[in-house]
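Coordinates as given in structure28.pdb (PDB, C-alpha atoms, pLDDT in the B column):
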ATOM      1  CA  LEU A   1      22.423   5.303   5.739  1.00 75.00           C
ATOM      2  CA  ASP A   2      23.498   5.945   9.300  1.00 87.00           C
ATOM      3  CA  TYR A   3      23.009   3.443  12.093  1.00 90.00           C
ATOM      4  CA  ASP A   4      20.231   5.359  13.862  1.00 92.00           C
ATOM      5  CA  THR A   5      18.154   5.717  10.699  1.00 91.00           C
ATOM      6  CA  ALA A   6      18.684   2.073   9.758  1.00 92.00           C
ATOM      7  CA  ALA A   7      17.644   0.955  13.240  1.00 94.00           C
ATOM      8  CA  GLU A   8      14.580   3.215  13.166  1.00 94.00           C
ATOM      9  CA  ASN A   9      13.522   1.884   9.746  1.00 94.00           C
ATOM     10  CA  LEU A  10      13.905  -1.746  10.843  1.00 96.00           C
ATOM     11  CA  ILE A  11      12.097  -1.222  14.152  1.00 96.00           C
ATOM     12  CA  THR A  12       9.238   0.692  12.540  1.00 95.00           C
ATOM     13  CA  ALA A  13       8.804  -1.967   9.849  1.00 96.00           C
ATOM     14  CA  TYR A  14       8.919  -4.690  12.498  1.00 97.00           C
ATOM     15  CA  ASN A  15       6.325  -2.924  14.649  1.00 97.00           C
ATOM     16  CA  GLY A  16       4.088  -2.314  11.638  1.00 96.00           C
ATOM     17  CA  PHE A  17       4.050  -5.998  10.684  1.00 97.00           C
ATOM     18  CA  LYS A  18       4.646  -7.430  14.160  1.00 97.00           C
ATOM     19  CA  ASP A  19       1.843  -9.999  14.162  1.00 96.00           C
ATOM     20  CA  GLU A  20       2.777 -11.362  10.735  1.00 97.00           C
ATOM     21  CA  LEU A  21       6.472 -11.494  11.577  1.00 97.00           C
ATOM     22  CA  ASN A  22       6.012 -12.993  15.051  1.00 96.00           C
ATOM     23  CA  GLY A  23       3.890 -15.724  13.491  1.00 97.00           C
ATOM     24  CA  ALA A  24       6.429 -16.419  10.776  1.00 97.00           C
ATOM     25  CA  PHE A  25       9.402 -16.423  13.154  1.00 97.00           C
ATOM     26  CA  ASP A  26       7.784 -17.957  16.255  1.00 97.00           C
ATOM     27  CA  GLY A  27       8.349 -14.770  18.250  1.00 95.00           C
ATOM     28  CA  ASP A  28      12.047 -14.540  17.311  1.00 97.00           C
ATOM     29  CA  THR A  29      12.390 -10.749  17.049  1.00 97.00           C
ATOM     30  CA  VAL A  30      16.012 -10.883  15.913  1.00 97.00           C
ATOM     31  CA  GLY A  31      15.130 -13.340  13.149  1.00 97.00           C
ATOM     32  CA  ALA A  32      12.211 -11.144  12.068  1.00 98.00           C
ATOM     33  CA  VAL A  33      14.316  -7.978  11.969  1.00 97.00           C
ATOM     34  CA  ASN A  34      17.040  -9.816  10.029  1.00 97.00           C
ATOM     35  CA  TYR A  35      14.358 -10.910   7.558  1.00 98.00           C
ATOM     36  CA  ILE A  36      13.290  -7.279   7.074  1.00 97.00           C
ATOM     37  CA  ALA A  37      16.937  -6.320   6.507  1.00 96.00           C
ATOM     38  CA  ASP A  38      17.202  -9.134   3.927  1.00 97.00           C
ATOM     39  CA  ILE A  39      14.107  -7.832   2.093  1.00 97.00           C
ATOM     40  CA  LEU A  40      15.501  -4.294   2.016  1.00 96.00           C
ATOM     41  CA  ASN A  41      18.915  -5.530   0.883  1.00 95.00           C
ATOM     42  CA  GLU A  42      17.450  -7.712  -1.885  1.00 97.00           C
ATOM     43  CA  LEU A  43      15.343  -4.864  -3.250  1.00 97.00           C
ATOM     44  CA  ASP A  44      18.257  -2.428  -2.983  1.00 95.00           C
ATOM     45  CA  ASN A  45      20.458  -4.808  -4.966  1.00 96.00           C
ATOM     46  CA  ASN A  46      17.960  -5.491  -7.741  1.00 97.00           C
ATOM     47  CA  TYR A  47      15.859  -2.363  -8.266  1.00 96.00           C
ATOM     48  CA  ALA A  48      16.242   1.392  -8.590  1.00 93.00           C
ATOM     49  CA  ALA A  49      15.368   1.881  -4.940  1.00 95.00           C
ATOM     50  CA  THR A  50      17.681   2.001  -1.964  1.00 95.00           C
ATOM     51  CA  SER A  51      17.147   0.165   1.300  1.00 94.00           C
ATOM     52  CA  ALA A  52      17.198   3.602   2.958  1.00 94.00           C
ATOM     53  CA  GLY A  53      14.399   4.786   0.676  1.00 96.00           C
ATOM     54  CA  ILE A  54      12.305   1.667   1.118  1.00 97.00           C
ATOM     55  CA  GLY A  55      12.841   1.899   4.875  1.00 96.00           C
ATOM     56  CA  GLU A  56      11.748   5.561   4.833  1.00 95.00           C
ATOM     57  CA  ALA A  57       8.580   4.651   2.943  1.00 97.00           C
ATOM     58  CA  LEU A  58       7.905   1.766   5.342  1.00 96.00           C
ATOM     59  CA  THR A  59       8.101   4.133   8.318  1.00 94.00           C
ATOM     60  CA  ARG A  60       5.315   6.170   6.740  1.00 94.00           C
ATOM     61  CA  SER A  61       3.050   3.299   5.742  1.00 95.00           C
ATOM     62  CA  ALA A  62       3.743   0.001   7.533  1.00 96.00           C
ATOM     63  CA  SER A  63       0.966   0.097  10.130  1.00 94.00           C
ATOM     64  CA  ALA A  64      -1.716   1.268   7.705  1.00 95.00           C
ATOM     65  CA  LEU A  65      -0.760  -1.316   5.090  1.00 96.00           C
ATOM     66  CA  ASP A  66      -0.613  -4.123   7.643  1.00 96.00           C
ATOM     67  CA  LEU A  67      -4.069  -3.087   8.856  1.00 94.00           C
ATOM     68  CA  ALA A  68      -5.219  -3.150   5.222  1.00 95.00           C
ATOM     69  CA  GLY A  69      -4.241  -6.816   4.935  1.00 96.00           C
ATOM     70  CA  ASN A  70      -0.931  -6.478   3.087  1.00 97.00           C
ATOM     71  CA  SER A  71       2.118  -8.563   3.913  1.00 98.00           C
ATOM     72  CA  ILE A  72       5.510  -6.983   4.428  1.00 97.00           C
ATOM     73  CA  GLN A  73       6.628  -8.477   1.105  1.00 97.00           C
ATOM     74  CA  GLU A  74       3.653  -7.002  -0.771  1.00 97.00           C
ATOM     75  CA  THR A  75       4.183  -3.643   0.904  1.00 97.00           C
ATOM     76  CA  ALA A  76       7.898  -3.575   0.110  1.00 97.00           C
ATOM     77  CA  GLY A  77       7.092  -4.541  -3.481  1.00 96.00           C
ATOM     78  CA  MET A  78       4.538  -1.757  -3.928  1.00 96.00           C
ATOM     79  CA  ILE A  79       6.917   0.755  -2.347  1.00 97.00           C
ATOM     80  CA  THR A  80       9.753  -0.340  -4.622  1.00 97.00           C
ATOM     81  CA  GLY A  81       7.555   0.003  -7.701  1.00 95.00           C
ATOM     82  CA  ILE A  82       6.579   3.541  -6.787  1.00 95.00           C
ATOM     83  CA  ILE A  83      10.136   4.564  -5.894  1.00 96.00           C
ATOM     84  CA  GLU A  84      11.428   3.225  -9.204  1.00 95.00           C
ATOM     85  CA  VAL A  85       9.074   5.596 -11.009  1.00 93.00           C
ATOM     86  CA  THR A  86       9.067   8.647  -8.726  1.00 94.00           C
ATOM     87  CA  GLN A  87      12.461   8.385  -6.988  1.00 95.00           C
ATOM     88  CA  ASP A  88      10.623   9.748  -3.933  1.00 96.00           C
ATOM     89  CA  PRO A  89      10.439   7.411  -0.903  1.00 96.00           C
ATOM     90  CA  GLU A  90       8.429   9.869   1.194  1.00 95.00           C
ATOM     91  CA  GLN A  91       5.803  10.130  -1.528  1.00 94.00           C
ATOM     92  CA  ALA A  92       5.748   6.348  -1.980  1.00 95.00           C
ATOM     93  CA  GLY A  93       5.049   5.733   1.701  1.00 95.00           C
ATOM     94  CA  SER A  94       2.487   8.507   2.005  1.00 94.00           C
ATOM     95  CA  THR A  95       0.710   7.538  -1.212  1.00 93.00           C
ATOM     96  CA  LEU A  96       0.315   3.909  -0.164  1.00 94.00           C
ATOM     97  CA  LYS A  97      -0.900   4.904   3.292  1.00 94.00           C
ATOM     98  CA  ILE A  98      -3.511   7.266   1.828  1.00 91.00           C
ATOM     99  CA  LEU A  99      -4.516   4.697  -0.792  1.00 91.00           C
ATOM    100  CA  SER A 100      -5.090   2.001   1.823  1.00 92.00           C
ATOM    101  CA  LEU A 101      -7.117   4.409   3.978  1.00 91.00           C
ATOM    102  CA  ARG A 102      -9.264   5.535   1.012  1.00 88.00           C
ATOM    103  CA  LEU A 103      -9.986   1.967  -0.050  1.00 88.00           C
ATOM    104  CA  ARG A 104     -11.281   1.262   3.447  1.00 88.00           C
ATOM    105  CA  GLY A 105     -13.290   4.452   3.827  1.00 84.00           C
ATOM    106  CA  MET A 106     -11.296   5.653   6.807  1.00 83.00           C
ATOM    107  CA  LYS A 107     -12.472   9.249   6.631  1.00 78.00           C
ATOM    108  CA  GLY A 108     -11.268  10.305  10.091  1.00 81.00           C
ATOM    109  CA  GLN A 109      -7.721   9.087   9.552  1.00 84.00           C
ATOM    110  CA  LEU A 110      -7.572  10.766   6.140  1.00 80.00           C
ATOM    111  CA  GLN A 111      -8.763  14.055   7.595  1.00 80.00           C
ATOM    112  CA  GLU A 112      -6.139  13.795  10.346  1.00 85.00           C
ATOM    113  CA  LEU A 113      -3.531  13.611   7.577  1.00 83.00           C
ATOM    114  CA  GLY A 114      -5.002  16.736   5.973  1.00 83.00           C
ATOM    115  CA  GLU A 115      -6.448  14.784   3.056  1.00 79.00           C
ATOM    116  CA  GLU A 116      -9.700  15.748   1.417  1.00 77.00           C
ATOM    117  CA  THR A 117     -12.475  13.208   1.589  1.00 77.00           C
ATOM    118  CA  ASP A 118     -15.389  12.848  -0.746  1.00 75.00           C
ATOM    119  CA  GLU A 119     -18.555  10.822  -0.974  1.00 75.00           C
ATOM    120  CA  ASN A 120     -16.593   7.809  -2.231  1.00 69.00           C
ATOM    121  CA  VAL A 121     -14.700   7.582   1.047  1.00 73.00           C
ATOM    122  CA  GLU A 122     -17.961   7.956   2.937  1.00 75.00           C
ATOM    123  CA  ASN A 123     -19.826   5.458   0.765  1.00 81.00           C
ATOM    124  CA  ILE A 124     -17.620   2.420   0.186  1.00 85.00           C
ATOM    125  CA  SER A 125     -20.348   0.460  -1.583  1.00 85.00           C
ATOM    126  CA  LYS A 126     -20.610   3.281  -4.143  1.00 85.00           C
ATOM    127  CA  MET A 127     -16.833   3.199  -4.676  1.00 85.00           C
ATOM    128  CA  GLN A 128     -16.942  -0.573  -5.041  1.00 89.00           C
ATOM    129  CA  GLY A 129     -19.746  -0.340  -7.603  1.00 90.00           C
ATOM    130  CA  GLN A 130     -17.966   2.339  -9.603  1.00 89.00           C
ATOM    131  CA  ILE A 131     -14.675   0.416  -9.676  1.00 90.00           C
ATOM    132  CA  LEU A 132     -16.506  -2.779 -10.666  1.00 93.00           C
ATOM    133  CA  ASN A 133     -18.335  -0.946 -13.464  1.00 93.00           C
ATOM    134  CA  LEU A 134     -15.255   0.870 -14.755  1.00 91.00           C
ATOM    135  CA  THR A 135     -13.236  -2.364 -14.849  1.00 94.00           C
ATOM    136  CA  LYS A 136     -16.086  -4.326 -16.443  1.00 92.00           C
ATOM    137  CA  GLY A 137     -16.609  -6.450 -13.341  1.00 94.00           C
ATOM    138  CA  LYS A 138     -12.978  -7.501 -12.991  1.00 95.00           C
ATOM    139  CA  VAL A 139     -11.867  -5.522  -9.903  1.00 95.00           C
ATOM    140  CA  ASN A 140     -13.681  -5.776  -6.609  1.00 94.00           C
ATOM    141  CA  ILE A 141     -12.470  -4.227  -3.361  1.00 93.00           C
ATOM    142  CA  PHE A 142     -14.285  -6.964  -1.428  1.00 93.00           C
ATOM    143  CA  ASP A 143     -13.698 -10.704  -1.411  1.00 94.00           C
ATOM    144  CA  GLY A 144     -16.415 -13.334  -1.775  1.00 92.00           C
ATOM    145  CA  ALA A 145     -17.189 -13.149   1.958  1.00 95.00           C
ATOM    146  CA  GLY A 146     -17.700  -9.383   1.845  1.00 91.00           C
ATOM    147  CA  GLN A 147     -14.390  -8.575   3.535  1.00 93.00           C
ATOM    148  CA  PHE A 148     -11.965  -5.966   2.239  1.00 94.00           C
ATOM    149  CA  ARG A 149      -9.258  -7.336  -0.033  1.00 96.00           C
ATOM    150  CA  SER A 150      -5.694  -6.181   0.528  1.00 96.00           C
ATOM    151  CA  THR A 151      -4.432  -3.036  -1.156  1.00 95.00           C
ATOM    152  CA  TYR A 152      -1.931  -5.199  -3.036  1.00 97.00           C
ATOM    153  CA  GLU A 153      -4.626  -7.530  -4.405  1.00 97.00           C
ATOM    154  CA  ILE A 154      -6.795  -4.611  -5.536  1.00 95.00           C
ATOM    155  CA  MET A 155      -3.922  -2.795  -7.209  1.00 94.00           C
ATOM    156  CA  LYS A 156      -2.700  -6.018  -8.828  1.00 96.00           C
ATOM    157  CA  ASP A 157      -6.158  -6.581 -10.309  1.00 96.00           C
ATOM    158  CA  ILE A 158      -6.304  -2.987 -11.559  1.00 94.00           C
ATOM    159  CA  SER A 159      -2.885  -3.386 -13.184  1.00 93.00           C
ATOM    160  CA  GLU A 160      -4.102  -6.487 -15.031  1.00 96.00           C
ATOM    161  CA  VAL A 161      -6.982  -4.617 -16.696  1.00 95.00           C
ATOM    162  CA  TRP A 162      -5.383  -1.165 -16.935  1.00 94.00           C
ATOM    163  CA  ASP A 163      -4.388  -1.443 -20.610  1.00 94.00           C
ATOM    164  CA  ASP A 164      -7.911  -2.611 -21.508  1.00 94.00           C
ATOM    165  CA  LEU A 165      -9.458   0.562 -20.063  1.00 93.00           C
ATOM    166  CA  ASN A 166      -9.906   3.685 -22.140  1.00 92.00           C
ATOM    167  CA  SER A 167      -8.276   6.873 -20.878  1.00 92.00           C
ATOM    168  CA  THR A 168     -11.528   8.123 -19.336  1.00 91.00           C
ATOM    169  CA  ALA A 169     -12.004   4.918 -17.343  1.00 90.00           C
ATOM    170  CA  GLN A 170      -8.341   4.996 -16.274  1.00 90.00           C
ATOM    171  CA  ALA A 171      -8.752   8.565 -14.994  1.00 89.00           C
ATOM    172  CA  GLU A 172     -11.945   7.670 -13.142  1.00 87.00           C
ATOM    173  CA  VAL A 173     -10.390   4.588 -11.500  1.00 86.00           C
ATOM    174  CA  CYS A 174      -7.484   6.774 -10.455  1.00 84.00           C
ATOM    175  CA  LEU A 175      -9.882   9.297  -8.929  1.00 77.00           C
ATOM    176  CA  TYR A 176     -11.743   6.646  -6.982  1.00 73.00           C
ATOM    177  CA  VAL A 177      -8.776   4.898  -5.469  1.00 73.00           C
ATOM    178  CA  GLN A 178      -6.239   7.670  -5.018  1.00 65.00           C
ATOM    179  CA  LYS A 179      -7.469  10.996  -6.353  1.00 49.00           C
ATOM    180  CA  CYS A 180      -4.369  10.850  -8.592  1.00 45.00           C
ATOM    181  CA  ALA A 181      -2.068  11.893  -5.761  1.00 42.00           C
TER     182      ALA A 181
END
Take the structure in the file and give it back as C-alpha cells.
Amino acid sequence: LDYDTAAENLITAYNGFKDELNGAFDGDTVGAVNYIADILNELDNNYAATSAGIGEALTRSASALDLAGNSIQETAGMITGIIEVTQDPEQAGSTLKILSLRLRGMKGQLQELGEETDENVENISKMQGQILNLTKGKVNIFDGAGQFRSTYEIMKDISEVWDDLNSTAQAEVCLYVQKCA
C-alpha cells in the first residue's frame, strides 16, 4: 500500500464518519485518523482482509453507511466479513453501500449508481412487512420509535435467524435486502 492510497483511505474513512469520530475524540483529527489506522491494522492482522482492501471498501461505502446509522467499527466489521468470503474489496464496499441505500428506499441514489429499483425500494413498508413475515417476526428494519435501524443491526438479526429459514425464505430475504448482488 503506497502512501497516497493509505492517506486517501484514511481521509475518506474519516470524512465518512466525521461526526462520530469528532465526538469520540473531542475534535482531535489526528487521534481520530490514528484510531482508523488502528482499526485497519487490527483487522489486517487477524482476518483474511488487508488494511488496503478494507480501506478501499471504506472509500466506496463510508458516507452511505454512516448515514444509515452504522458506526465505523460496525462498517469495518461488515466489510471484513465480506472480504473474507469474496476476496473483493471493491465488491464489499459497493455491496454495503447499495444494501444500505435499498434498506432506506433511496431510489434516486440507487438509480444514480446504475442500480435497478423495484417496488420494494419505493414501498419501504411493504419491504418491512415482507422481511418481518419471512423471518417470522424476528427482523424489523425499523426500531420501536419507527426509525430506521442500522444496516449492521438488520443484518445481524438476519444472520441470527438465517439457519432457521428454509431455502425459499432465504432467497426471498436476499431479494428484498440486496437482490443477491
Selection dump of the PyMOL selection byres ((chain A and resi 44) around 12), as a PyMOL selection string: chain A and resi 37-43+45-55+76-77+79-81+83-84
Ranking A:Leu134, A:Met106, A:Ala57, A:Met155 by minimum distance to Val121 (chain A) and counting only C-alpha atoms, which one comes first? A:Met106
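Note that CA of Asn70 (chain A) and CA of Arg149 (chain A) are 8.9 Å apart.
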I'd like the neighbourhood of Leu175 (chain A) as a list in words, where a residue qualifies if any of its atoms comes within 12 Å (using only C-alpha atoms), though same-chain residues fewer than 6 positions away should be ignored. Leu99, Arg102, Leu103, Thr117, Asp118, Glu119, Asn120, Val121, Met127, Gln130, Ile131, Leu134, Thr168, Ala169 and Ala181 of chain A
Apply the PyMOL selection byres ((chain A and resi 90-93) around 6) to the file shown and report the selected residues as a VMD selection string. chain A and resid 57 60 to 61 79 82 88 to 89 94 to 96
Could you write out as AutoDock Vina command-line options the box around region 7-16 of chain A (axis-aligned, all atoms listed in the file, 6 Å on each side), with centre and edge lengths in Å to one decimal?
--center_x 10.9 --center_y -0.7 --center_z 12.2 --size_x 25.6 --size_y 19.9 --size_z 16.9
Got a sec: who's within 7 Å of region 16-29 of chain A, counting all atoms listed in the file, leaving out chain neighbours fewer than 6 positions off, as an NGL selection string? :A and (62-63 or 66 or 72)
Report, in Å to a single decimal, how far apart CA of Thr86 (chain A) and CA of Leu58 (chain A) are.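 These two atoms are separated by 15.7 Å.
In this comparison, which uses all atoms listed in the file, the residue of A:Leu110, A:Ala13, A:Ile98, A:Cys174 approaching Thr135 (chain A) most closely is A:Cys174.
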Please provide the set of residues having any atom within 9 Å of region 151-154 of chain A, restricted to all atoms listed in the file, with same-chain residues fewer than 6 positions apart removed, written as a count of residues only. 16
What do you get, as JSON, numbers by chain, if you spell out every residue that the PyMOL selection byres ((chain A and resi 5) around 12) selects here? {"A": [1, 2, 3, 4, 6, 7, 8, 9, 10, 11, 12, 51, 52, 53, 54, 55, 56, 59]}
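The interatomic distance for the pair CA of Ile158 (chain A) and CA of Gln109 (chain A) works out to 24.4 Å.
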